[in-house]
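*Asks:* If you scroll down you'll find the structure; I have some questions about it.
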Amino acid sequence: MGGVVGVGLPLTDVVRFDMNTVPWQLPVTIAGEPLSLNEYPDGSYRELVAAIAAYCGQPESRVVVGAGADELISLVAQAYLDGTRHFAVSDPSYAMFSIASLIAGASPISVASDATFALDRSAFAAAAARADVTWIANPGNPTGELLPQDYLREVAASARGIVVVDEAYAEFAGTSALDWISGAPNVAVLRTLSKAFALAGMRVGYLVAAPEVVAILHKLRPPASISAVSARMAVAALHQAAGVRTRVRALVAARHRFGSALAATGRPVIEGAANFVLTPVDDATAARALARGLVLRTYDPGHRLHGWSRITVRSPEDNARLLRLLS
């Protein structure tokens, strides 16, 4: 069996603490009509859109799907940005916001976080008032910071352009802008099935916004970017939402225990509201972890989180392996 490059261990001994995926697989099987895999999928994805709309409590006219959240980020940038426009983003934040926006030719308005990696809320609201697209993750990635919904509503009210609220980790946080976006036509909520729904390998994301925004993105979206298998698996997973919620509650409890155990070693810990924690980890410690098959997310010099690691909460056994090394 092959190993990870530079590690030399069997893949079964390698634990990815760097990817923010969940440590379970849903018991999902493909049911229903046989799939015609020799044909392209129906690009309307009617069944998938209906399942997402039901899960979110939104009309189907407000839902657009994509091959992961990243495709939808790129579509928003393509639709609303060009060489004459600006985008607002926090530092640090999800890298794809800036990557897609810069590819579109737009100029950044970057707002640095404070010493505890918390968003400078007044500065960010001011940036949104000057931006054609405002990107904001809630909970934050890679910080895990959870912003109040009232603050997000204030940003939306003052923003010059569209505000994209990335809720990749919303299931772990228990709060969502979906509760109020019907009254905010410039707000789009971005979601993924890669995290709580354990379908990272399927690449399915969705965006909920005003029908006018959805119509624009539909014109730009490739006709069949989600495979028929991924779409069917996503529908099956969404039908298991109750089981997902149970698993999420268990993982949130595990995050509390893991964060407390790290803090007991004397390390500063920022727990956040997602499925990961932040703690200082130097390069030598990260290298020792890698040699043991424990892959940590670290950051290059110049990054706001250099010297820190965003550590995904995994199974109790895997968490214990990492805790032994870090302590």
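Here's how to read the names in the structure tokens: chain A, B, ... by the order shown, residue numbers from 1 in each chain, ligand numbers from 1 in the order shown.
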Ser98 (chain A): which residues within 9 Å, counting only C-alpha atoms, same-chain residues fewer than 6 positions away excluded, as a list in words?

*Replies:* Phe87, Val89, Pro108 and Trp135 of chain A

*Asks:* Save the residues we just selected, N, CA and C atoms, as an mmCIF file, in the first residue's frame?

*Replies:*
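This went into again.cif:
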data_model
loop_
_atom_site.group_PDB
_atom_site.id
_atom_site.type_symbol
_atom_site.label_atom_id
_atom_site.label_comp_id
_atom_site.auth_asym_id
_atom_site.auth_seq_id
_atom_site.Cartn_x
_atom_site.Cartn_y
_atom_site.Cartn_z
ATOM 1 N N PHE A 87 -13.280 44.134 -4.285
ATOM 2 C CA PHE A 87 -13.876 43.149 -3.385
ATOM 3 C C PHE A 87 -13.313 43.342 -1.983
ATOM 4 N N VAL A 89 -12.492 41.664 1.740
ATOM 5 C CA VAL A 89 -12.179 40.363 2.329
ATOM 6 C C VAL A 89 -11.391 40.587 3.605
ATOM 7 N N PRO A 108 -8.404 44.243 -4.354
ATOM 8 C CA PRO A 108 -8.846 43.892 -3.001
ATOM 9 C C PRO A 108 -8.923 45.091 -2.064
ATOM 10 N N TRP A 135 -16.873 39.345 0.648
ATOM 11 C CA TRP A 135 -16.769 37.934 1.027
ATOM 12 C C TRP A 135 -16.599 37.839 2.537
#

*Asks:* List every residue of region 193-239 of chain A that has an atom at most 10 Å from any atom of region 146-166 of chain A, giving for each one its closest atom pair and the distance in Å to one decimal, counting only C-alpha atoms, sorted by chain and then by ascending residue number, as a tab-separated table.

*Replies:*
residue	atom	partner	partner_atom	distance
A:Leu207	CA	A:Asp166	CA	9.1
A:Val208	CA	A:Val164	CA	9.7
A:Ala209	CA	A:Val164	CA	9.2
A:Val213	CA	A:Ile162	CA	9.2

*Asks:* Create the file for the chosen residues now, containing C-alpha atoms and written as a tab-separated table (two decimals), in the first residue's frame.

*Replies:*
chain	number	residue	atom	x	y	z
A	207	LEU	CA	-25.86	29.00	-2.96
A	208	VAL	CA	-29.10	30.54	-1.71
A	209	ALA	CA	-29.91	34.05	-2.90
A	213	VAL	CA	-28.91	36.52	-8.45

*Asks:* List the spatial neighbours of Gly205 (chain A) as a list in words - criterion: any atom at most 6 Å away, only C-alpha atoms, same-chain residues fewer than 3 positions off excluded.

*Replies:*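 Listed by chain and then number, they are Val65, Gly66, Ala67, Gly68, Ala69, Arg191, Thr192 and Leu193 of chain A.
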
*Asks:* Give me every alpha helix (DSSP H) residue in region 118-323 of chain A, going by DSSP on the backbone, as a VMD selection string.

*Replies:* chain A and resid 121 to 128 149 to 158 170 to 173 211 to 220 228 to 238 241 to 264 283 to 291 316 to 323

*Asks:* Mind checking DSSP for region 44-167 of chain A and telling me the strand (DSSP E or B) residues as number ranges by chain?

*Replies:* A: 63-66, 86-91, 107-112, 133-137, 162-166

*Asks:* Export C-alpha atoms of the chosen residues as a PDB file, in the first residue's frame?

*Replies:*
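File produced: again-v3.pdb:
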ATOM      1  CA  VAL A  63     -31.124  27.820  -5.009  1.00  0.00           C
ATOM      2  CA  VAL A  64     -28.255  27.269  -7.443  1.00  0.00           C
ATOM      3  CA  VAL A  65     -25.894  24.292  -7.199  1.00  0.00           C
ATOM      4  CA  GLY A  66     -22.261  23.879  -8.178  1.00  0.00           C
ATOM      5  CA  HIS A  86     -13.297  45.988  -5.831  1.00  0.00           C
ATOM      6  CA  PHE A  87     -13.876  43.149  -3.385  1.00  0.00           C
ATOM      7  CA  ALA A  88     -13.767  43.220   0.409  1.00  0.00           C
ATOM      8  CA  VAL A  89     -12.179  40.363   2.329  1.00  0.00           C
ATOM      9  CA  SER A  90     -10.803  39.826   5.822  1.00  0.00           C
ATOM     10  CA  ASP A  91      -7.243  38.747   6.535  1.00  0.00           C
ATOM     11  CA  SER A 107      -8.791  44.979  -6.669  1.00  0.00           C
ATOM     12  CA  PRO A 108      -8.846  43.892  -3.001  1.00  0.00           C
ATOM     13  CA  ILE A 109      -9.915  45.874   0.019  1.00  0.00           C
ATOM     14  CA  SER A 110      -8.324  43.724   2.719  1.00  0.00           C
ATOM     15  CA  VAL A 111      -9.164  44.171   6.392  1.00  0.00           C
ATOM     16  CA  ALA A 112      -6.618  42.757   8.837  1.00  0.00           C
ATOM     17  CA  VAL A 133     -18.468  41.945  -3.737  1.00  0.00           C
ATOM     18  CA  THR A 134     -17.994  41.378  -0.016  1.00  0.00           C
ATOM     19  CA  TRP A 135     -16.769  37.934   1.027  1.00  0.00           C
ATOM     20  CA  ILE A 136     -17.279  36.853   4.612  1.00  0.00           C
ATOM     21  CA  ALA A 137     -17.134  33.386   6.156  1.00  0.00           C
ATOM     22  CA  ILE A 162     -23.420  41.734  -3.182  1.00  0.00           C
ATOM     23  CA  VAL A 163     -22.461  40.137   0.164  1.00  0.00           C
ATOM     24  CA  VAL A 164     -21.552  36.442   0.089  1.00  0.00           C
ATOM     25  CA  VAL A 165     -21.820  34.768   3.501  1.00  0.00           C
ATOM     26  CA  ASP A 166     -19.875  31.510   3.355  1.00  0.00           C
TER      27      ASP A 166
END

*Asks:* Hey, what's within 9 Å of region 227-240 of chain A if we count only C-alpha atoms and toss same-chain stuff fewer than 2 positions away? As a ChimeraX atom specification, please?

*Replies:* /A:26-32,35-37,40-42,45,47-52,55,67,193,197-199,201-204,224-225,242-245

*Asks:* Using only C-alpha atoms, please write the residues we just selected to a file, as a PDB file, in the first residue's frame.

*Replies:*
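What landed in part-v8.pdb:
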ATOM      1  CA  LEU A  26     -22.696   8.693   6.236  1.00  0.00           C
ATOM      2  CA  PRO A  27     -24.367   5.332   5.529  1.00  0.00           C
ATOM      3  CA  VAL A  28     -25.482   6.644   2.156  1.00  0.00           C
ATOM      4  CA  THR A  29     -26.314   4.396  -0.775  1.00  0.00           C
ATOM      5  CA  ILE A  30     -27.606   5.353  -4.196  1.00  0.00           C
ATOM      6  CA  ALA A  31     -31.254   4.382  -4.544  1.00  0.00           C
ATOM      7  CA  GLY A  32     -34.009   5.113  -7.039  1.00  0.00           C
ATOM      8  CA  LEU A  35     -28.165   5.969 -13.314  1.00  0.00           C
ATOM      9  CA  SER A  36     -27.318   6.207 -16.996  1.00  0.00           C
ATOM     10  CA  LEU A  37     -23.645   6.939 -16.580  1.00  0.00           C
ATOM     11  CA  TYR A  40     -24.519  13.510 -19.201  1.00  0.00           C
ATOM     12  CA  PRO A  41     -26.577  14.404 -16.130  1.00  0.00           C
ATOM     13  CA  ASP A  42     -29.660  16.593 -16.306  1.00  0.00           C
ATOM     14  CA  TYR A  45     -30.489  19.005 -11.057  1.00  0.00           C
ATOM     15  CA  GLU A  47     -34.062  16.512  -7.472  1.00  0.00           C
ATOM     16  CA  LEU A  48     -30.961  17.976  -5.827  1.00  0.00           C
ATOM     17  CA  VAL A  49     -32.303  21.532  -5.881  1.00  0.00           C
ATOM     18  CA  ALA A  50     -35.579  20.342  -4.329  1.00  0.00           C
ATOM     19  CA  ALA A  51     -33.746  18.496  -1.546  1.00  0.00           C
ATOM     20  CA  ILE A  52     -31.570  21.537  -0.783  1.00  0.00           C
ATOM     21  CA  TYR A  55     -33.369  21.331   3.918  1.00  0.00           C
ATOM     22  CA  ALA A  67     -19.319  21.500  -8.143  1.00  0.00           C
ATOM     23  CA  LEU A 193     -21.987  19.230   1.577  1.00  0.00           C
ATOM     24  CA  PHE A 197     -22.603  15.980   5.367  1.00  0.00           C
ATOM     25  CA  ALA A 198     -19.284  14.161   4.865  1.00  0.00           C
ATOM     26  CA  LEU A 199     -19.321  14.367   1.063  1.00  0.00           C
ATOM     27  CA  GLY A 201     -15.195  13.520  -2.252  1.00  0.00           C
ATOM     28  CA  MET A 202     -18.417  14.258  -4.144  1.00  0.00           C
ATOM     29  CA  ARG A 203     -17.844  18.022  -4.638  1.00  0.00           C
ATOM     30  CA  VAL A 204     -21.345  19.441  -4.185  1.00  0.00           C
ATOM     31  CA  ALA A 224     -23.417  19.618 -16.010  1.00  0.00           C
ATOM     32  CA  SER A 225     -20.491  20.262 -13.656  1.00  0.00           C
ATOM     33  CA  ALA A 242     -31.439  14.213  11.370  1.00  0.00           C
ATOM     34  CA  GLY A 243     -28.542  11.776  11.618  1.00  0.00           C
ATOM     35  CA  VAL A 244     -26.126  14.504  10.525  1.00  0.00           C
ATOM     36  CA  ARG A 245     -27.352  16.779  13.303  1.00  0.00           C
TER      37      ARG A 245
END

*Asks:* Tell me which of A:Asn319, A:Thr143, A:Thr285, A:Ser327 sits closest to Gly266 (chain A), counting only C-alpha atoms.

*Replies:*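 Going through A:Asn319, A:Thr143, A:Thr285, A:Ser327 one by one, the smallest distance to Gly266 (chain A) is for A:Ser327.
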
*Asks:* Kindly assemble as JSON lines a list of the region 234-320 of chain A residues that lie within 12 Å of region 171-186 of chain A, each paired with its nearest atom pair and their distance in Å to one decimal, using only C-alpha atoms, sorted first by chain and then by ascending residue number.

*Replies:*
{"residue": "A:Ala241", "atom": "CA", "partner": "A:Glu171", "partner_atom": "CA", "distance": 10.3}
{"residue": "A:Ala242", "atom": "CA", "partner": "A:Glu171", "partner_atom": "CA", "distance": 11.5}
{"residue": "A:Val244", "atom": "CA", "partner": "A:Glu171", "partner_atom": "CA", "distance": 8.9}
{"residue": "A:Arg245", "atom": "CA", "partner": "A:Glu171", "partner_atom": "CA", "distance": 7.5}
{"residue": "A:Thr246", "atom": "CA", "partner": "A:Glu171", "partner_atom": "CA", "distance": 10.7}
{"residue": "A:Arg247", "atom": "CA", "partner": "A:Phe172", "partner_atom": "CA", "distance": 9.9}
{"residue": "A:Val248", "atom": "CA", "partner": "A:Phe172", "partner_atom": "CA", "distance": 6.1}
{"residue": "A:Arg249", "atom": "CA", "partner": "A:Phe172", "partner_atom": "CA", "distance": 7.6}
{"residue": "A:Ala250", "atom": "CA", "partner": "A:Phe172", "partner_atom": "CA", "distance": 10.1}
{"residue": "A:Leu251", "atom": "CA", "partner": "A:Phe172", "partner_atom": "CA", "distance": 8.3}
{"residue": "A:Val252", "atom": "CA", "partner": "A:Phe172", "partner_atom": "CA", "distance": 6.7}
{"residue": "A:Ala253", "atom": "CA", "partner": "A:Phe172", "partner_atom": "CA", "distance": 10.4}
{"residue": "A:Ala254", "atom": "CA", "partner": "A:Phe172", "partner_atom": "CA", "distance": 11.7}
{"residue": "A:Arg255", "atom": "CA", "partner": "A:Phe172", "partner_atom": "CA", "distance": 10.2}
{"residue": "A:Glu271", "atom": "CA", "partner": "A:Ala173", "partner_atom": "CA", "distance": 11.7}
{"residue": "A:Gly272", "atom": "CA", "partner": "A:Ala173", "partner_atom": "CA", "distance": 8.9}
{"residue": "A:Ala273", "atom": "CA", "partner": "A:Ala173", "partner_atom": "CA", "distance": 5.2}
{"residue": "A:Ala274", "atom": "CA", "partner": "A:Phe172", "partner_atom": "CA", "distance": 5.4}
{"residue": "A:Asn275", "atom": "CA", "partner": "A:Phe172", "partner_atom": "CA", "distance": 6.7}
{"residue": "A:Phe276", "atom": "CA", "partner": "A:Phe172", "partner_atom": "CA", "distance": 10.1}
{"residue": "A:Val313", "atom": "CA", "partner": "A:Phe172", "partner_atom": "CA", "distance": 11.9}

*Asks:* Could you tell me how far CA of Arg310 (chain A) sits from CA of Phe17 (chain A), in Å to one decimal place?

*Replies:*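 Distance reported for this atom pair: 8.0 Å.
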